[in-house]
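S.K.: Take a look at coords00.cif, mmCIF, C-alpha atoms:
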data_data
loop_
_atom_site.group_PDB
_atom_site.id
_atom_site.type_symbol
_atom_site.label_atom_id
_atom_site.label_comp_id
_atom_site.auth_asym_id
_atom_site.auth_seq_id
_atom_site.Cartn_x
_atom_site.Cartn_y
_atom_site.Cartn_z
ATOM 1 C CA MET A 1 122.856 59.722 58.431
ATOM 2 C CA GLY A 2 125.880 58.046 59.973
ATOM 3 C CA LEU A 3 126.633 57.120 63.544
ATOM 4 C CA ALA A 4 128.268 60.478 64.340
ATOM 5 C CA GLU A 5 125.205 62.376 63.116
ATOM 6 C CA ARG A 6 122.779 60.084 64.948
ATOM 7 C CA SER A 7 124.772 60.500 68.166
ATOM 8 C CA GLU A 8 124.923 64.295 67.814
ATOM 9 C CA LEU A 9 121.190 64.506 67.084
ATOM 10 C CA ALA A 10 120.364 62.272 70.061
ATOM 11 C CA ALA A 11 122.516 64.472 72.318
ATOM 12 C CA PHE A 12 120.799 67.628 71.015
ATOM 13 C CA LYS A 13 117.354 66.139 71.547
ATOM 14 C CA ASN A 14 118.230 64.889 75.052
ATOM 15 C CA ASP A 15 120.194 67.903 76.286
ATOM 16 C CA THR A 16 118.968 71.011 74.477
ATOM 17 C CA PHE A 17 115.833 70.569 72.365
ATOM 18 C CA ALA A 18 113.189 70.792 75.115
ATOM 19 C CA SER A 19 114.698 73.921 76.670
ATOM 20 C CA LYS A 20 114.976 75.665 73.284
ATOM 21 C CA VAL A 21 111.356 74.808 72.455
ATOM 22 C CA ALA A 22 110.290 76.156 75.868
ATOM 23 C CA GLU A 23 112.251 79.383 75.226
ATOM 24 C CA LEU A 24 110.597 79.699 71.823
ATOM 25 C CA LYS A 25 107.114 79.251 73.302
ATOM 26 C CA GLU A 26 107.852 81.844 75.984
ATOM 27 C CA ALA A 27 109.168 84.291 73.375
ATOM 28 C CA ALA A 28 106.006 83.643 71.324
ATOM 29 C CA ALA A 29 103.806 84.877 74.170
ATOM 30 C CA GLY A 30 102.911 81.363 75.242
ATOM 31 C CA ALA A 31 101.856 80.161 71.802
ATOM 32 C CA ASP A 32 101.864 76.356 71.713
ATOM 33 C CA ILE A 33 104.302 76.043 68.818
ATOM 34 C CA GLN A 34 105.315 72.481 68.021
ATOM 35 C CA VAL A 35 108.799 71.978 66.589
ATOM 36 C CA THR A 36 109.651 69.221 64.142
ATOM 37 C CA LEU A 37 112.995 68.328 62.635
ATOM 38 C CA ASP A 38 113.409 66.550 59.316
ATOM 39 C CA GLU A 39 115.902 64.260 61.011
ATOM 40 C CA ALA A 40 116.881 62.378 57.852
ATOM 41 C CA SER A 41 118.022 65.643 56.265
ATOM 42 C CA PHE A 42 120.697 66.264 58.899
ATOM 43 C CA THR A 43 123.667 64.772 57.082
ATOM 44 C CA THR A 44 126.496 66.499 58.966
ATOM 45 C CA VAL A 45 127.418 66.941 62.616
ATOM 46 C CA ALA A 46 128.051 70.640 61.931
ATOM 47 C CA ALA A 47 124.442 71.108 60.779
ATOM 48 C CA ILE A 48 123.114 69.584 63.997
ATOM 49 C CA GLN A 49 125.464 71.707 66.083
ATOM 50 C CA MET A 50 124.059 74.876 64.472
ATOM 51 C CA LEU A 51 120.499 74.163 65.593
ATOM 52 C CA SER A 52 120.885 75.730 69.021
ATOM 53 C CA ASN A 53 122.425 79.101 68.252
ATOM 54 C CA GLY A 54 122.239 79.177 64.461
ATOM 55 C CA VAL A 55 118.488 78.573 64.354
ATOM 56 C CA PHE A 56 116.803 78.704 67.744
ATOM 57 C CA ASP A 57 118.609 81.660 69.335
ATOM 58 C CA ARG A 58 118.021 83.878 66.310
ATOM 59 C CA LEU A 59 114.380 82.857 65.985
ATOM 60 C CA ILE A 60 113.767 83.332 69.712
ATOM 61 C CA ASP A 61 115.288 86.808 69.619
ATOM 62 C CA ASP A 62 113.198 87.805 66.600
ATOM 63 C CA MET A 63 110.057 86.230 68.090
ATOM 64 C CA LYS A 64 110.439 88.408 71.202
ATOM 65 C CA SER A 65 110.524 91.442 68.943
ATOM 66 C CA VAL A 66 107.444 90.364 66.962
ATOM 67 C CA CYS A 67 105.554 89.627 70.199
ATOM 68 C CA SER A 68 106.445 92.914 71.872
ATOM 69 C CA ASP A 69 102.849 94.145 71.670
ATOM 70 C CA ALA A 70 99.338 92.684 71.804
ATOM 71 C CA ILE A 71 98.923 92.697 68.011
ATOM 72 C CA GLY A 72 102.120 90.715 67.453
ATOM 73 C CA LYS A 73 101.273 88.253 70.219
ATOM 74 C CA GLN A 74 97.845 87.591 68.731
ATOM 75 C CA ALA A 75 99.250 87.242 65.204
ATOM 76 C CA VAL A 76 101.802 84.646 66.348
ATOM 77 C CA ARG A 77 99.271 82.706 68.454
ATOM 78 C CA GLU A 78 96.849 82.581 65.526
ATOM 79 C CA GLY A 79 99.375 82.214 62.711
ATOM 80 C CA ILE A 80 102.063 79.747 63.796
ATOM 81 C CA ARG A 81 101.328 76.275 65.118
ATOM 82 C CA THR A 82 104.439 74.415 63.948
ATOM 83 C CA LEU A 83 108.075 75.168 63.204
ATOM 84 C CA HIS A 84 109.596 72.652 60.805
ATOM 85 C CA ILE A 85 113.377 72.661 60.285
ATOM 86 C CA VAL A 86 115.032 71.028 57.282
ATOM 87 C CA HIS A 87 118.769 70.912 56.572
ATOM 88 C CA LYS A 88 119.669 71.070 52.883
ATOM 89 C CA ASP A 89 122.989 70.547 51.196
ATOM 90 C CA ALA A 90 122.516 73.336 48.640
ATOM 91 C CA PRO A 91 123.594 76.862 49.633
ATOM 92 C CA GLY A 92 121.067 79.408 50.849
ATOM 93 C CA PHE A 93 117.887 79.284 52.904
ATOM 94 C CA THR A 94 114.164 79.718 52.470
ATOM 95 C CA LEU A 95 111.408 80.580 54.910
ATOM 96 C CA ASP A 96 107.797 79.662 54.273
ATOM 97 C CA LEU A 97 104.623 80.088 56.296
ATOM 98 C CA THR A 98 101.743 77.969 55.036
ATOM 99 C CA ASP A 99 98.699 76.737 56.955
ATOM 100 C CA GLY A 100 100.267 77.582 60.310
ATOM 101 C CA THR A 101 103.604 75.889 59.603
ATOM 102 C CA LEU A 102 106.734 78.009 59.553
ATOM 103 C CA THR A 103 109.301 76.054 57.556
ATOM 104 C CA LEU A 104 113.009 76.799 57.489
ATOM 105 C CA ARG A 105 115.027 75.051 54.796
ATOM 106 C CA ALA A 106 118.677 75.968 55.195
ATOM 107 C CA LYS A 107 122.219 74.815 54.723
ATOM 108 C CA LEU A 108 122.702 74.709 58.469
ATOM 109 C CA ASP A 109 126.399 73.938 58.202
ATOM 110 C CA GLY A 110 126.907 76.949 55.938
ATOM 111 C CA SER A 111 127.609 80.584 56.695
ATOM 112 C CA LEU A 112 125.372 82.911 58.700
ATOM 113 C CA GLY A 113 123.540 85.454 56.606
ATOM 114 C CA GLU A 114 123.957 83.563 53.353
ATOM 115 C CA ASP A 115 122.963 80.026 54.267
ATOM 116 C CA LEU A 116 121.215 80.704 57.591
ATOM 117 C CA PRO A 117 118.840 83.486 58.603
ATOM 118 C CA GLY A 118 120.599 86.128 60.675
ATOM 119 C CA TYR A 119 119.168 88.197 63.500
ATOM 120 C CA GLY A 120 116.226 90.203 62.175
ATOM 121 C CA THR A 121 115.508 87.917 59.215
ATOM 122 C CA TYR A 122 112.717 85.957 60.921
ATOM 123 C CA ARG A 123 111.242 89.208 62.250
ATOM 124 C CA ALA A 124 111.138 90.802 58.792
ATOM 125 C CA PHE A 125 109.604 87.648 57.331
ATOM 126 C CA LEU A 126 106.940 87.328 60.040
ATOM 127 C CA LEU A 127 105.999 91.002 59.860
ATOM 128 C CA LYS A 128 105.167 90.476 56.177
ATOM 129 C CA LYS A 129 103.469 87.077 56.449
ATOM 130 C CA LEU A 130 101.445 87.138 59.679
#
For the file at hand, write its structure as structure tokens.
M.R.:
Amino acid sequence: MGLAERSELAAFKNDTFASKVAELKEAAAGADIQVTLDEASFTTVAAIQMLSNGVFDRLIDDMKSVCSDAIGKQAVREGIRTLHIVHKDAPGFTLDLTDGTLTLRAKLDGSLGEDLPGYGTYRAFLLKKL
């Protein structure tokens, strides 16, 4: 990770990260979801810039949908403790939910829908896995 990437990541963490995590927790019916970033994997400024709307906004929107009733709220509170985000250079994305950790591995500087989950993708995944 070069200077430009370190600067962009520091700005994201200082200016945006806490508010996005708070929005996610609110959308998840107050679940205390911890968010971790595989910081070393963020090799481009574009990948870091996609965190806010390319990852968080879509997940928050889908989380609101999953938590729209008591069953969904309980499933999220019991099933997700951590969100772990990893940027990868290879095209495509994967979602995994293991032992309470929801892991997104994605080419964050790629295209929406192919390299990043679009709106509804997290919802469909969580409805199957929770």
S.K.: My list of candidates is A:Phe12, A:Phe93, A:Phe125, A:Phe56. Which is closest to Leu24 (chain A) when distances are computed with only C-alpha atoms?
M.R.: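 Among A:Phe12, A:Phe93, A:Phe125, A:Phe56, it is A:Phe56 that comes nearest to Leu24 (chain A).
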S.K.: To one decimal place, how far is CA of Lys107 (chain A) from CA of Met50 (chain A) in Å?
M.R.: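 Here the two named atoms are 9.9 Å from each other.
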S.K.: Take the PyMOL selection byres ((chain A and resi 86) around 8), apply it to the structure above, and return the hits as a list in words.
M.R.: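 What the PyMOL selection byres ((chain A and resi 86) around 8) grabs from the file is Leu37, Asp38, Glu39, Ser41, Phe42, His84, Ile85, His87, Lys88, Thr103, Leu104, Arg105 and Ala106 of chain A.
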S.K.: I'd like the neighbourhood of Asp99 (chain A) as a list in words, where a residue qualifies if any of its atoms comes within 12 Å (using only C-alpha atoms), though same-chain residues fewer than 5 positions away should be ignored.
M.R.: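 That gives Glu78, Gly79, Ile80, Arg81, Thr82, Leu83, Lys129 and Leu130 of chain A.
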S.K.: Using C-alpha atoms, can you write the selected residues to a file as a CSV table (one decimal), in the coordinates of the input?
M.R.:
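Ended up saving to again_22.csv:
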chain,number,residue,atom,x,y,z
A,78,GLU,CA,96.8,82.6,65.5
A,79,GLY,CA,99.4,82.2,62.7
A,80,ILE,CA,102.1,79.7,63.8
A,81,ARG,CA,101.3,76.3,65.1
A,82,THR,CA,104.4,74.4,63.9
A,83,LEU,CA,108.1,75.2,63.2
A,129,LYS,CA,103.5,87.1,56.4
A,130,LEU,CA,101.4,87.1,59.7
S.K.: Go through A:Arg6, A:Lys13, A:Lys20, A:Arg123 and flag the residue nearest Gly72 (chain A), using all atoms listed in the file for the distances.
M.R.: A:Arg123
S.K.: Pick out the closest residue to Asp89 (chain A) from this set: A:Leu108, A:Ala46, A:Ala18, A:Val66. Count all atoms listed in the file.
M.R.: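 Answer, going by the shortest atom-to-atom distance: A:Leu108.
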S.K.: Skipping near chain neighbours, those fewer than 6 positions away, what residues fall within 9 Å of Gly54 (chain A) using only C-alpha atoms, listed as a list of chain:residue names?
M.R.: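 Using only C-alpha atoms, the neighbours found are A:Leu108, A:Leu112, A:Leu116, A:Pro117, A:Gly118.
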S.K.: Keeping only C-alpha atoms, write the selected residues as a PDB file, keeping the file's coordinate frame.
M.R.:
ATOM      1  CA  LEU A 108     122.702  74.709  58.469  1.00  0.00           C
ATOM      2  CA  LEU A 112     125.372  82.911  58.700  1.00  0.00           C
ATOM      3  CA  LEU A 116     121.215  80.704  57.591  1.00  0.00           C
ATOM      4  CA  PRO A 117     118.840  83.486  58.603  1.00  0.00           C
ATOM      5  CA  GLY A 118     120.599  86.128  60.675  1.00  0.00           C
TER       6      GLY A 118
END
